[in-house]
Amino acid sequence: MSNRPPQPATTVVPDARGRFGPFGGRYVPETLVGALDQLAAEYAKAKEDDGFQAELAGLFRDFVGRPSPLYHAKRLSEQAGGAQIYFKREDVNHTGAHKINNTLGQCLLAMRMGKRRVIAETGAGQHGVATATACAHFGLPCVVYMGEEDIRRQKPNVFSMKLLGAEVRPVTSGARTLRDAINEAMRDWMASVDNTHYVLGSVVGPHPFPQIVRDFQSVIGKETIEQSLARLDRLPDVVVACVGGGSNAAGMFYPFIEHAEVKLVGVEAGGRSDSPGDHASPLTFGQPGVLHGSYSYVMQDEDGQTCDVHSMSAGLDYPGVGPEHSYWKETGRVTYESCTDTTAMQAFDACTAAEGIMPALESSHAVAKAMEIARSRKPEEVIVVCLSGRGDKDAMEIARLKGIDFG
Amino acid sequence: MSAIDQLFEQLRSEGRKALMPFVTAGDPDLEFTSEVLQEIVARGASLCEVGIPYSDPIADGPVIQASYTRALDKRVKLARILEMLTETTPALRAPVVTMVSYAIVYRYGVQKYCDDACKAGIAGLIVPDLPVEESQGLAGLCRERDLSLIQLVAPTTPRDRTLQICETSSGFVYYVSITGITGERTELPDDIVEKVTWLRSQTKLPICIGFGIAKPEHVKLLAPVADGLIVGSAIVRRIAEADRRPRDEVLREVGDYVATLLAAL
């Protein structure tokens, strides 16, 4: 790949075989291929179906509370000292994160396909809650796979899922985090594929998931463009989003891809250090390989075994990344950097104190990077951060990390 | 012709069927894997399937997953597995097929994997996460080397797609008996004989059935419609005992179990 001259990124991806340039594809057992073909075909129809789009738009407006605000973080901008920082407030969505945009869309698709059972994986629990919420809304039975380590880190979300009627199945294999939860959900789907839809929560996995999730999340970037033009009469100079699997970033960046004047920055989890096992930054430190059905950047050893990764934020604690991000990296359209646990925690504190907004630990990585970029930019420049989720879910974990015991 | 083509030609001319036991490489260690391969062939297995441990096996149930985890926890490396096979295969009177994730093949280097597999005396590859659309490159490399690239057909595979898979598969077609992951089952689907009989009418390739097969009754039911049967978890579960019991005892039990299945074949 690296010996080809980079072509500019286009939005006319993926191709029919799910390729974003060389990335993506479909590396799955034969058992799942039929269901993926069915999903791709149904999605292609739904995309052109005004009724489907109107139903989804109605849910976005009345159930999610969209459009989410574009908020000027004035005090935080002053503190950073430089460009103006704005937040795209996905944290004020129903269920507290961007994940609901995708789960409503995919549950509608599930029902169109006549699939009456839904499964999902979750890391931070936000996708699990968003799936459980959509399932409660539509009356679909729901099973959520979640790593035991993440269950420990994200107790409030586990309880919410149960209240919403979902069954949470603990995953005890591997590092007991998001990657293992995806494996377990895939195994369930191997046996249940005839009547079950797997609501994959990020822009990862086999075709057509990376495309479908990106498209449902693209409402974030589309609204940001409309709001920027209405409020500022122009597009932002820089857009920043955190990248685990990369769904909030993909939804934010995709509508900006062809606006070449807007700089796009994805922020991976830098964890404790740059050493292997201490971070979750495949785009920064990994290499292309296959994981979870897709060809993309991944943290692997020399035998192709997936490496354990670390981030204090469960939602970024993943060794792979969506194939479109790999494509954007290779084409140079998006810049990917990483941000450590410590820096993200400082940004969490700064944002909470200066704005009265507690960002999710995931989103705090993007806030940190935006503050850093702001410092090197002029006051009339504009940086938009995708504030992908709210930090309430992280309160207990933050107390633990800070060594505070409130009994 | 690959070693697998020759094997099935011979079995067909003799009116016999193949049993293909599956073992995980490096569980509990490579020395034992080598001994198990020799034992099961001595007991009459016609082919052996060697599972290359992978950290994220999506198609595998708890028994094989756990065996992969045990092997990887002991840091078994692909290069060492290939060395073990290089030493073991010459004396083995049965072709060896590796079951290996494309994640591993890609990272190792697709061409290098094919070259080194040949050097190690491997006769074919099963790459369970490489559907036919993605397999062109590997299929070409396998053809050049007389390695069989065995493709899978699942109960969820539509008929037209099944035909496409049969056209690109070599060695044999792996028919997945159940919609689900690997693991012993008490019951197999009611329509399995009918489905394999249809498949038989569509291809000249040998057909081997795998997933869920564990009992002599399964063997009796399926042997008449298939060219071979694949047994994995039931063997791997027995091998798992080798860590805490005398190894020769476990080896004999695995051999006895293979003999029981062969008697039903």
# chains A, B, ... in the order shown; residues from 1 in each chain; ligands from 1
>>> residues_around(residues="segment 50-65 of chain A", least_positions_apart="2", cutoff="7 Å", atoms="only C-alpha atoms", output="VMD selection string")
chain A and resid 46 48 67 to 68 93 to 94 105
>>> residues_around(residues="segment 155-169 of chain B", least_positions_apart="6", cutoff="8 Å", atoms="only C-alpha atoms", output="list in words")
Glu30, Thr31, Leu32, Val33 and Gly34 of chain A; Val132, Ala139, Ser148, Leu149, Val176, Ser177, Ile178, Thr179, Gln202, Thr203 and Leu205 of chain B
>>> write_last_selection(atoms="N, CA and C atoms", output="PDB file, in the first residue's frame")
ATOM      1  N   GLU A  30     -18.231 -18.356   6.543  1.00  0.00           N
ATOM      2  CA  GLU A  30     -19.255 -18.486   5.508  1.00  0.00           C
ATOM      3  C   GLU A  30     -20.676 -18.386   6.080  1.00  0.00           C
ATOM      4  N   THR A  31     -20.868 -18.916   7.276  1.00  0.00           N
ATOM      5  CA  THR A  31     -22.187 -18.905   7.915  1.00  0.00           C
ATOM      6  C   THR A  31     -22.803 -17.503   7.960  1.00  0.00           C
ATOM      7  N   LEU A  32     -21.973 -16.468   8.084  1.00  0.00           N
ATOM      8  CA  LEU A  32     -22.494 -15.105   8.242  1.00  0.00           C
ATOM      9  C   LEU A  32     -22.663 -14.356   6.927  1.00  0.00           C
ATOM     10  N   VAL A  33     -22.121 -14.906   5.853  1.00  0.00           N
ATOM     11  CA  VAL A  33     -22.092 -14.148   4.592  1.00  0.00           C
ATOM     12  C   VAL A  33     -23.505 -13.839   4.092  1.00  0.00           C
ATOM     13  N   GLY A  34     -24.398 -14.816   4.198  1.00  0.00           N
ATOM     14  CA  GLY A  34     -25.771 -14.605   3.733  1.00  0.00           C
ATOM     15  C   GLY A  34     -26.439 -13.449   4.457  1.00  0.00           C
TER      16      GLY A  34
ATOM     17  N   VAL B 132     -15.234 -16.851  -0.152  1.00  0.00           N
ATOM     18  CA  VAL B 132     -14.762 -17.036  -1.526  1.00  0.00           C
ATOM     19  C   VAL B 132     -14.414 -15.711  -2.223  1.00  0.00           C
ATOM     20  N   ALA B 139      -5.952 -18.351  -3.332  1.00  0.00           N
ATOM     21  CA  ALA B 139      -6.283 -19.514  -4.179  1.00  0.00           C
ATOM     22  C   ALA B 139      -5.248 -19.674  -5.284  1.00  0.00           C
ATOM     23  N   SER B 148      -4.040 -27.644  -1.452  1.00  0.00           N
ATOM     24  CA  SER B 148      -5.494 -27.526  -1.579  1.00  0.00           C
ATOM     25  C   SER B 148      -5.972 -26.344  -0.732  1.00  0.00           C
ATOM     26  N   LEU B 149      -6.890 -25.555  -1.279  1.00  0.00           N
ATOM     27  CA  LEU B 149      -7.544 -24.511  -0.486  1.00  0.00           C
ATOM     28  C   LEU B 149      -8.998 -24.928  -0.322  1.00  0.00           C
ATOM     29  N   VAL B 176     -20.362 -27.359   6.571  1.00  0.00           N
ATOM     30  CA  VAL B 176     -20.587 -27.043   7.980  1.00  0.00           C
ATOM     31  C   VAL B 176     -21.979 -27.542   8.350  1.00  0.00           C
ATOM     32  N   SER B 177     -22.030 -28.485   9.290  1.00  0.00           N
ATOM     33  CA  SER B 177     -23.298 -29.191   9.536  1.00  0.00           C
ATOM     34  C   SER B 177     -24.363 -28.324  10.192  1.00  0.00           C
ATOM     35  N   ILE B 178     -23.917 -27.351  10.989  1.00  0.00           N
ATOM     36  CA  ILE B 178     -24.888 -26.582  11.764  1.00  0.00           C
ATOM     37  C   ILE B 178     -24.666 -25.087  11.608  1.00  0.00           C
ATOM     38  N   THR B 179     -25.743 -24.330  11.795  1.00  0.00           N
ATOM     39  CA  THR B 179     -25.634 -22.884  11.846  1.00  0.00           C
ATOM     40  C   THR B 179     -25.173 -22.542  13.250  1.00  0.00           C
ATOM     41  N   GLN B 202     -24.240 -31.876  -7.092  1.00  0.00           N
ATOM     42  CA  GLN B 202     -23.784 -30.668  -7.774  1.00  0.00           C
ATOM     43  C   GLN B 202     -22.277 -30.601  -7.989  1.00  0.00           C
ATOM     44  N   THR B 203     -21.534 -31.444  -7.293  1.00  0.00           N
ATOM     45  CA  THR B 203     -20.078 -31.341  -7.409  1.00  0.00           C
ATOM     46  C   THR B 203     -19.407 -32.711  -7.402  1.00  0.00           C
ATOM     47  N   LEU B 205     -16.303 -32.843  -6.368  1.00  0.00           N
ATOM     48  CA  LEU B 205     -15.336 -32.748  -5.268  1.00  0.00           C
ATOM     49  C   LEU B 205     -15.774 -33.617  -4.090  1.00  0.00           C
TER      50      LEU B 205
END
>>> interface_residues(of="chain B", to="chain A", cutoff="10 Å", atoms="only C-alpha atoms", output="PyMOL selection string")
chain B and resi 53-62+65-66+69+72+76-79+101-109+127-135+151-158+161+176+178-182
>>> write_last_selection(atoms="C-alpha atoms", output="mmCIF file, in the first residue's frame")
data_model
loop_
_atom_site.group_PDB
_atom_site.id
_atom_site.type_symbol
_atom_site.label_atom_id
_atom_site.label_comp_id
_atom_site.auth_asym_id
_atom_site.auth_seq_id
_atom_site.Cartn_x
_atom_site.Cartn_y
_atom_site.Cartn_z
ATOM 1 C CA PRO B 53 -4.120 -21.079 17.690
ATOM 2 C CA TYR B 54 -5.666 -17.636 17.191
ATOM 3 C CA SER B 55 -6.507 -14.980 19.740
ATOM 4 C CA ASP B 56 -9.946 -14.119 18.286
ATOM 5 C CA PRO B 57 -11.561 -17.212 16.754
ATOM 6 C CA ILE B 58 -15.116 -16.205 15.859
ATOM 7 C CA ALA B 59 -16.290 -19.568 14.503
ATOM 8 C CA ASP B 60 -15.106 -21.599 17.470
ATOM 9 C CA GLY B 61 -16.967 -22.718 20.541
ATOM 10 C CA PRO B 62 -15.651 -22.751 24.116
ATOM 11 C CA GLN B 65 -11.292 -21.377 22.057
ATOM 12 C CA ALA B 66 -9.946 -22.527 25.419
ATOM 13 C CA THR B 69 -5.932 -19.666 24.762
ATOM 14 C CA LEU B 72 -1.080 -18.936 23.249
ATOM 15 C CA VAL B 76 3.440 -21.065 20.986
ATOM 16 C CA LYS B 77 4.680 -19.360 17.809
ATOM 17 C CA LEU B 78 3.763 -20.098 14.216
ATOM 18 C CA ALA B 79 7.396 -20.693 13.243
ATOM 19 C CA SER B 101 -7.260 -17.535 10.470
ATOM 20 C CA TYR B 102 -6.569 -15.132 7.633
ATOM 21 C CA ALA B 103 -5.388 -12.648 10.285
ATOM 22 C CA ILE B 104 -2.425 -14.966 10.845
ATOM 23 C CA VAL B 105 -1.796 -15.810 7.191
ATOM 24 C CA TYR B 106 -1.873 -12.143 6.187
ATOM 25 C CA ARG B 107 0.463 -11.009 8.946
ATOM 26 C CA TYR B 108 2.900 -13.879 8.277
ATOM 27 C CA GLY B 109 2.839 -13.046 4.566
ATOM 28 C CA VAL B 127 -9.063 -20.484 6.239
ATOM 29 C CA PRO B 128 -12.398 -20.191 8.023
ATOM 30 C CA ASP B 129 -12.656 -16.406 7.873
ATOM 31 C CA LEU B 130 -11.814 -16.066 4.181
ATOM 32 C CA PRO B 131 -15.026 -16.290 2.164
ATOM 33 C CA VAL B 132 -14.762 -17.036 -1.526
ATOM 34 C CA GLU B 133 -14.920 -13.341 -2.568
ATOM 35 C CA GLU B 134 -11.765 -12.569 -0.607
ATOM 36 C CA SER B 135 -9.854 -15.745 -1.461
ATOM 37 C CA GLN B 151 -13.677 -23.788 1.086
ATOM 38 C CA LEU B 152 -16.627 -24.058 3.423
ATOM 39 C CA VAL B 153 -20.322 -24.279 2.653
ATOM 40 C CA ALA B 154 -22.723 -23.474 5.505
ATOM 41 C CA PRO B 155 -26.411 -24.296 6.028
ATOM 42 C CA THR B 156 -27.052 -20.574 5.458
ATOM 43 C CA THR B 157 -25.293 -20.578 2.064
ATOM 44 C CA PRO B 158 -27.773 -20.082 -0.804
ATOM 45 C CA ARG B 161 -23.462 -19.356 -3.964
ATOM 46 C CA VAL B 176 -20.587 -27.043 7.980
ATOM 47 C CA ILE B 178 -24.888 -26.582 11.764
ATOM 48 C CA THR B 179 -25.634 -22.884 11.846
ATOM 49 C CA GLY B 180 -23.372 -22.015 14.727
ATOM 50 C CA ILE B 181 -19.949 -22.412 16.233
ATOM 51 C CA THR B 182 -17.810 -25.526 16.664
#
>>> closest_residue(among="B:Leu138, B:Leu199, B:Val231, B:Arg80", to="Cys48 of chain B", atoms="only C-alpha atoms")
B:Val231
>>> residues_around(residues="His137 of chain A", least_positions_apart="3", cutoff="12 Å", atoms="only C-alpha atoms", output="number ranges by chain")
A: 59, 63-64, 100, 103-104, 107-108, 130-134, 140-142, 164-166
>>> write_last_selection(atoms="N, CA and C atoms", output="PDB file, in the first residue's frame")
ATOM      1  N   LEU A  59     -37.638  10.053  14.628  1.00  0.00           N
ATOM      2  CA  LEU A  59     -37.067   9.525  15.885  1.00  0.00           C
ATOM      3  C   LEU A  59     -35.912  10.402  16.355  1.00  0.00           C
ATOM      4  N   PHE A  63     -37.310  11.619  19.713  1.00  0.00           N
ATOM      5  CA  PHE A  63     -36.869  10.619  20.699  1.00  0.00           C
ATOM      6  C   PHE A  63     -35.445  10.919  21.177  1.00  0.00           C
ATOM      7  N   VAL A  64     -34.589  11.309  20.240  1.00  0.00           N
ATOM      8  CA  VAL A  64     -33.188  11.593  20.583  1.00  0.00           C
ATOM      9  C   VAL A  64     -33.008  13.042  21.029  1.00  0.00           C
ATOM     10  N   ILE A 100     -26.906   6.303  20.085  1.00  0.00           N
ATOM     11  CA  ILE A 100     -28.335   6.119  19.792  1.00  0.00           C
ATOM     12  C   ILE A 100     -28.655   6.380  18.311  1.00  0.00           C
ATOM     13  N   THR A 103     -28.146   2.952  16.733  1.00  0.00           N
ATOM     14  CA  THR A 103     -28.973   1.819  17.170  1.00  0.00           C
ATOM     15  C   THR A 103     -30.409   1.958  16.684  1.00  0.00           C
ATOM     16  N   LEU A 104     -30.920   3.186  16.627  1.00  0.00           N
ATOM     17  CA  LEU A 104     -32.286   3.362  16.104  1.00  0.00           C
ATOM     18  C   LEU A 104     -32.329   2.958  14.636  1.00  0.00           C
ATOM     19  N   CYS A 107     -32.002  -0.876  14.346  1.00  0.00           N
ATOM     20  CA  CYS A 107     -33.200  -1.609  14.781  1.00  0.00           C
ATOM     21  C   CYS A 107     -34.312  -1.488  13.737  1.00  0.00           C
ATOM     22  N   LEU A 108     -34.418  -0.322  13.108  1.00  0.00           N
ATOM     23  CA  LEU A 108     -35.383  -0.190  12.014  1.00  0.00           C
ATOM     24  C   LEU A 108     -35.049  -1.170  10.885  1.00  0.00           C
ATOM     25  N   ALA A 130     -27.699   2.271  24.483  1.00  0.00           N
ATOM     26  CA  ALA A 130     -28.404   2.798  23.302  1.00  0.00           C
ATOM     27  C   ALA A 130     -29.160   1.683  22.570  1.00  0.00           C
ATOM     28  N   THR A 131     -28.570   0.490  22.533  1.00  0.00           N
ATOM     29  CA  THR A 131     -29.260  -0.638  21.884  1.00  0.00           C
ATOM     30  C   THR A 131     -30.439  -1.087  22.740  1.00  0.00           C
ATOM     31  N   ALA A 132     -30.220  -1.192  24.051  1.00  0.00           N
ATOM     32  CA  ALA A 132     -31.309  -1.589  24.950  1.00  0.00           C
ATOM     33  C   ALA A 132     -32.461  -0.582  24.870  1.00  0.00           C
ATOM     34  N   THR A 133     -32.111   0.683  24.735  1.00  0.00           N
ATOM     35  CA  THR A 133     -33.129   1.739  24.637  1.00  0.00           C
ATOM     36  C   THR A 133     -33.945   1.601  23.348  1.00  0.00           C
ATOM     37  N   ALA A 134     -33.229   1.434  22.243  1.00  0.00           N
ATOM     38  CA  ALA A 134     -33.929   1.279  20.960  1.00  0.00           C
ATOM     39  C   ALA A 134     -34.807   0.025  21.000  1.00  0.00           C
ATOM     40  N   LEU A 140     -38.304  -5.044  21.087  1.00  0.00           N
ATOM     41  CA  LEU A 140     -37.487  -6.168  20.606  1.00  0.00           C
ATOM     42  C   LEU A 140     -36.691  -6.756  21.775  1.00  0.00           C
ATOM     43  N   PRO A 141     -36.619  -8.087  21.886  1.00  0.00           N
ATOM     44  CA  PRO A 141     -35.752  -8.666  22.908  1.00  0.00           C
ATOM     45  C   PRO A 141     -34.284  -8.392  22.580  1.00  0.00           C
ATOM     46  N   CYS A 142     -33.488  -8.171  23.622  1.00  0.00           N
ATOM     47  CA  CYS A 142     -32.122  -7.662  23.419  1.00  0.00           C
ATOM     48  C   CYS A 142     -31.135  -8.338  24.361  1.00  0.00           C
ATOM     49  N   LEU A 164     -33.788  -1.404  31.295  1.00  0.00           N
ATOM     50  CA  LEU A 164     -34.418  -1.266  29.973  1.00  0.00           C
ATOM     51  C   LEU A 164     -34.850  -2.616  29.402  1.00  0.00           C
ATOM     52  N   GLY A 165     -34.602  -3.671  30.158  1.00  0.00           N
ATOM     53  CA  GLY A 165     -35.113  -4.985  29.738  1.00  0.00           C
ATOM     54  C   GLY A 165     -34.116  -5.837  28.991  1.00  0.00           C
ATOM     55  N   ALA A 166     -32.875  -5.363  28.851  1.00  0.00           N
ATOM     56  CA  ALA A 166     -31.878  -6.159  28.128  1.00  0.00           C
ATOM     57  C   ALA A 166     -31.239  -7.171  29.072  1.00  0.00           C
TER      58      ALA A 166
END
>>> select_by_dssp(residues="segment 12-238 of chain B", states="alpha helix (DSSP H)", output="PyMOL selection string")
chain B and resi 12-14+30-42+62-73+78-88+102-108+110-119+136-145+159-168+192-202+216-222+233-238
>>> write_last_selection(atoms="C-alpha atoms", output="short mmCIF file (atom, residue, chain, number, x, y, z; two decimals), in the first residue's frame")
data_model
loop_
_atom_site.label_atom_id
_atom_site.label_comp_id
_atom_site.auth_asym_id
_atom_site.auth_seq_id
_atom_site.Cartn_x
_atom_site.Cartn_y
_atom_site.Cartn_z
CA ARG B 12 -13.25 -43.65 -3.48
CA SER B 13 -11.76 -46.48 -5.51
CA GLU B 14 -11.73 -48.61 -2.36
CA LEU B 30 4.03 -29.13 20.42
CA GLU B 31 5.69 -32.36 21.43
CA PHE B 32 2.34 -33.79 22.49
CA THR B 33 0.64 -32.45 19.36
CA SER B 34 3.16 -34.40 17.31
CA GLU B 35 2.51 -37.55 19.35
CA VAL B 36 -1.27 -37.18 18.99
CA LEU B 37 -0.96 -36.80 15.21
CA GLN B 38 1.05 -40.01 15.03
CA GLU B 39 -1.38 -41.82 17.33
CA ILE B 40 -4.54 -40.86 15.43
CA VAL B 41 -3.01 -41.78 12.09
CA ALA B 42 -1.79 -45.09 13.53
CA PRO B 62 -15.65 -22.75 24.12
CA VAL B 63 -13.63 -26.01 23.86
CA ILE B 64 -11.47 -25.01 20.89
CA GLN B 65 -11.29 -21.38 22.06
CA ALA B 66 -9.95 -22.53 25.42
CA SER B 67 -7.36 -24.76 23.73
CA TYR B 68 -6.18 -21.80 21.64
CA THR B 69 -5.93 -19.67 24.76
CA ARG B 70 -3.91 -22.35 26.58
CA ALA B 71 -1.51 -22.70 23.64
CA LEU B 72 -1.08 -18.94 23.25
CA ASP B 73 -0.59 -18.50 27.00
CA LEU B 78 3.76 -20.10 14.22
CA ALA B 79 7.40 -20.69 13.24
CA ARG B 80 7.67 -23.41 15.92
CA ILE B 81 4.41 -25.03 14.81
CA LEU B 82 5.72 -25.23 11.25
CA GLU B 83 8.99 -26.72 12.53
CA MET B 84 7.05 -29.38 14.44
CA LEU B 85 5.06 -30.22 11.31
CA THR B 86 8.24 -30.33 9.21
CA GLU B 87 9.56 -32.97 11.60
CA THR B 88 6.28 -34.87 11.97
CA TYR B 102 -6.57 -15.13 7.63
CA ALA B 103 -5.39 -12.65 10.29
CA ILE B 104 -2.43 -14.97 10.85
CA VAL B 105 -1.80 -15.81 7.19
CA TYR B 106 -1.87 -12.14 6.19
CA ARG B 107 0.46 -11.01 8.95
CA TYR B 108 2.90 -13.88 8.28
CA VAL B 110 0.41 -14.87 2.29
CA GLN B 111 3.06 -16.15 -0.10
CA LYS B 112 5.47 -16.98 2.72
CA TYR B 113 2.77 -18.95 4.50
CA CYS B 114 2.12 -20.99 1.35
CA ASP B 115 5.84 -21.59 0.78
CA ASP B 116 6.50 -22.57 4.38
CA ALA B 117 3.39 -24.75 4.51
CA CYS B 118 4.72 -26.69 1.52
CA LYS B 119 8.12 -27.03 3.14
CA GLN B 136 -8.65 -15.13 -5.04
CA GLY B 137 -5.08 -14.18 -4.17
CA LEU B 138 -4.56 -17.08 -1.80
CA ALA B 139 -6.28 -19.51 -4.18
CA GLY B 140 -3.84 -18.58 -6.94
CA LEU B 141 -0.82 -19.09 -4.71
CA CYS B 142 -2.18 -22.45 -3.53
CA ARG B 143 -2.80 -23.63 -7.11
CA GLU B 144 0.79 -22.87 -8.08
CA ARG B 145 2.01 -25.02 -5.20
CA ARG B 159 -27.67 -22.67 -3.60
CA ASP B 160 -26.21 -20.44 -6.32
CA ARG B 161 -23.46 -19.36 -3.96
CA THR B 162 -22.79 -22.98 -3.03
CA LEU B 163 -22.06 -23.74 -6.67
CA GLN B 164 -19.67 -20.80 -6.86
CA ILE B 165 -17.84 -22.07 -3.76
CA CYS B 166 -17.57 -25.59 -5.20
CA GLU B 167 -15.97 -24.15 -8.33
CA THR B 168 -13.20 -22.49 -6.35
CA ILE B 192 -28.54 -32.42 6.99
CA VAL B 193 -28.60 -35.63 4.94
CA GLU B 194 -30.91 -34.03 2.41
CA LYS B 195 -28.68 -30.95 2.12
CA VAL B 196 -25.49 -32.95 1.65
CA THR B 197 -27.21 -35.23 -0.86
CA TRP B 198 -28.12 -32.16 -2.89
CA LEU B 199 -24.56 -30.88 -2.65
CA ARG B 200 -23.32 -34.30 -3.79
CA SER B 201 -25.44 -34.01 -6.95
CA GLN B 202 -23.78 -30.67 -7.77
CA PRO B 216 -20.69 -42.89 16.56
CA GLU B 217 -24.41 -42.30 15.73
CA HIS B 218 -23.43 -39.09 13.91
CA VAL B 219 -20.82 -41.02 11.98
CA LYS B 220 -23.33 -43.74 11.01
CA LEU B 221 -25.85 -41.12 9.89
CA LEU B 222 -23.46 -39.04 7.80
CA SER B 233 -14.04 -30.42 19.96
CA ALA B 234 -14.55 -34.03 21.12
CA ILE B 235 -10.85 -34.68 20.52
CA VAL B 236 -9.61 -31.34 21.84
CA ARG B 237 -11.64 -31.85 25.04
CA ARG B 238 -9.84 -35.17 25.62
#
>>> residues_around(residues="Gly244 of chain A", least_positions_apart="4", cutoff="7 Å", atoms="only C-alpha atoms", output="PyMOL selection string")
chain A and resi 268+315-318+321
>>> closest_residue(among="A:Arg375, A:Lys369, A:Arg400, A:His72", to="Leu232 of chain A", atoms="only C-alpha atoms")
A:His72
>>> atom_distance(atom1="atom CA of Gly245 of chain A", atom2="atom CA of Asn102 of chain A")
13.7 Å
>>> select_by_dssp(residues="segment 99-232 of chain B", states="strand (DSSP E)", output="PyMOL selection string")
chain B and resi 99+122-126+148-153+173-176+207-210+228-231
>>> atom_distance(atom1="atom CA of Val168 of chain A", atom2="atom CA of Gln211 of chain A")
26.7 Å
>>> atom_distance(atom1="atom CA of Thr196 of chain A", atom2="atom CA of Tyr297 of chain A")
28.9 Å
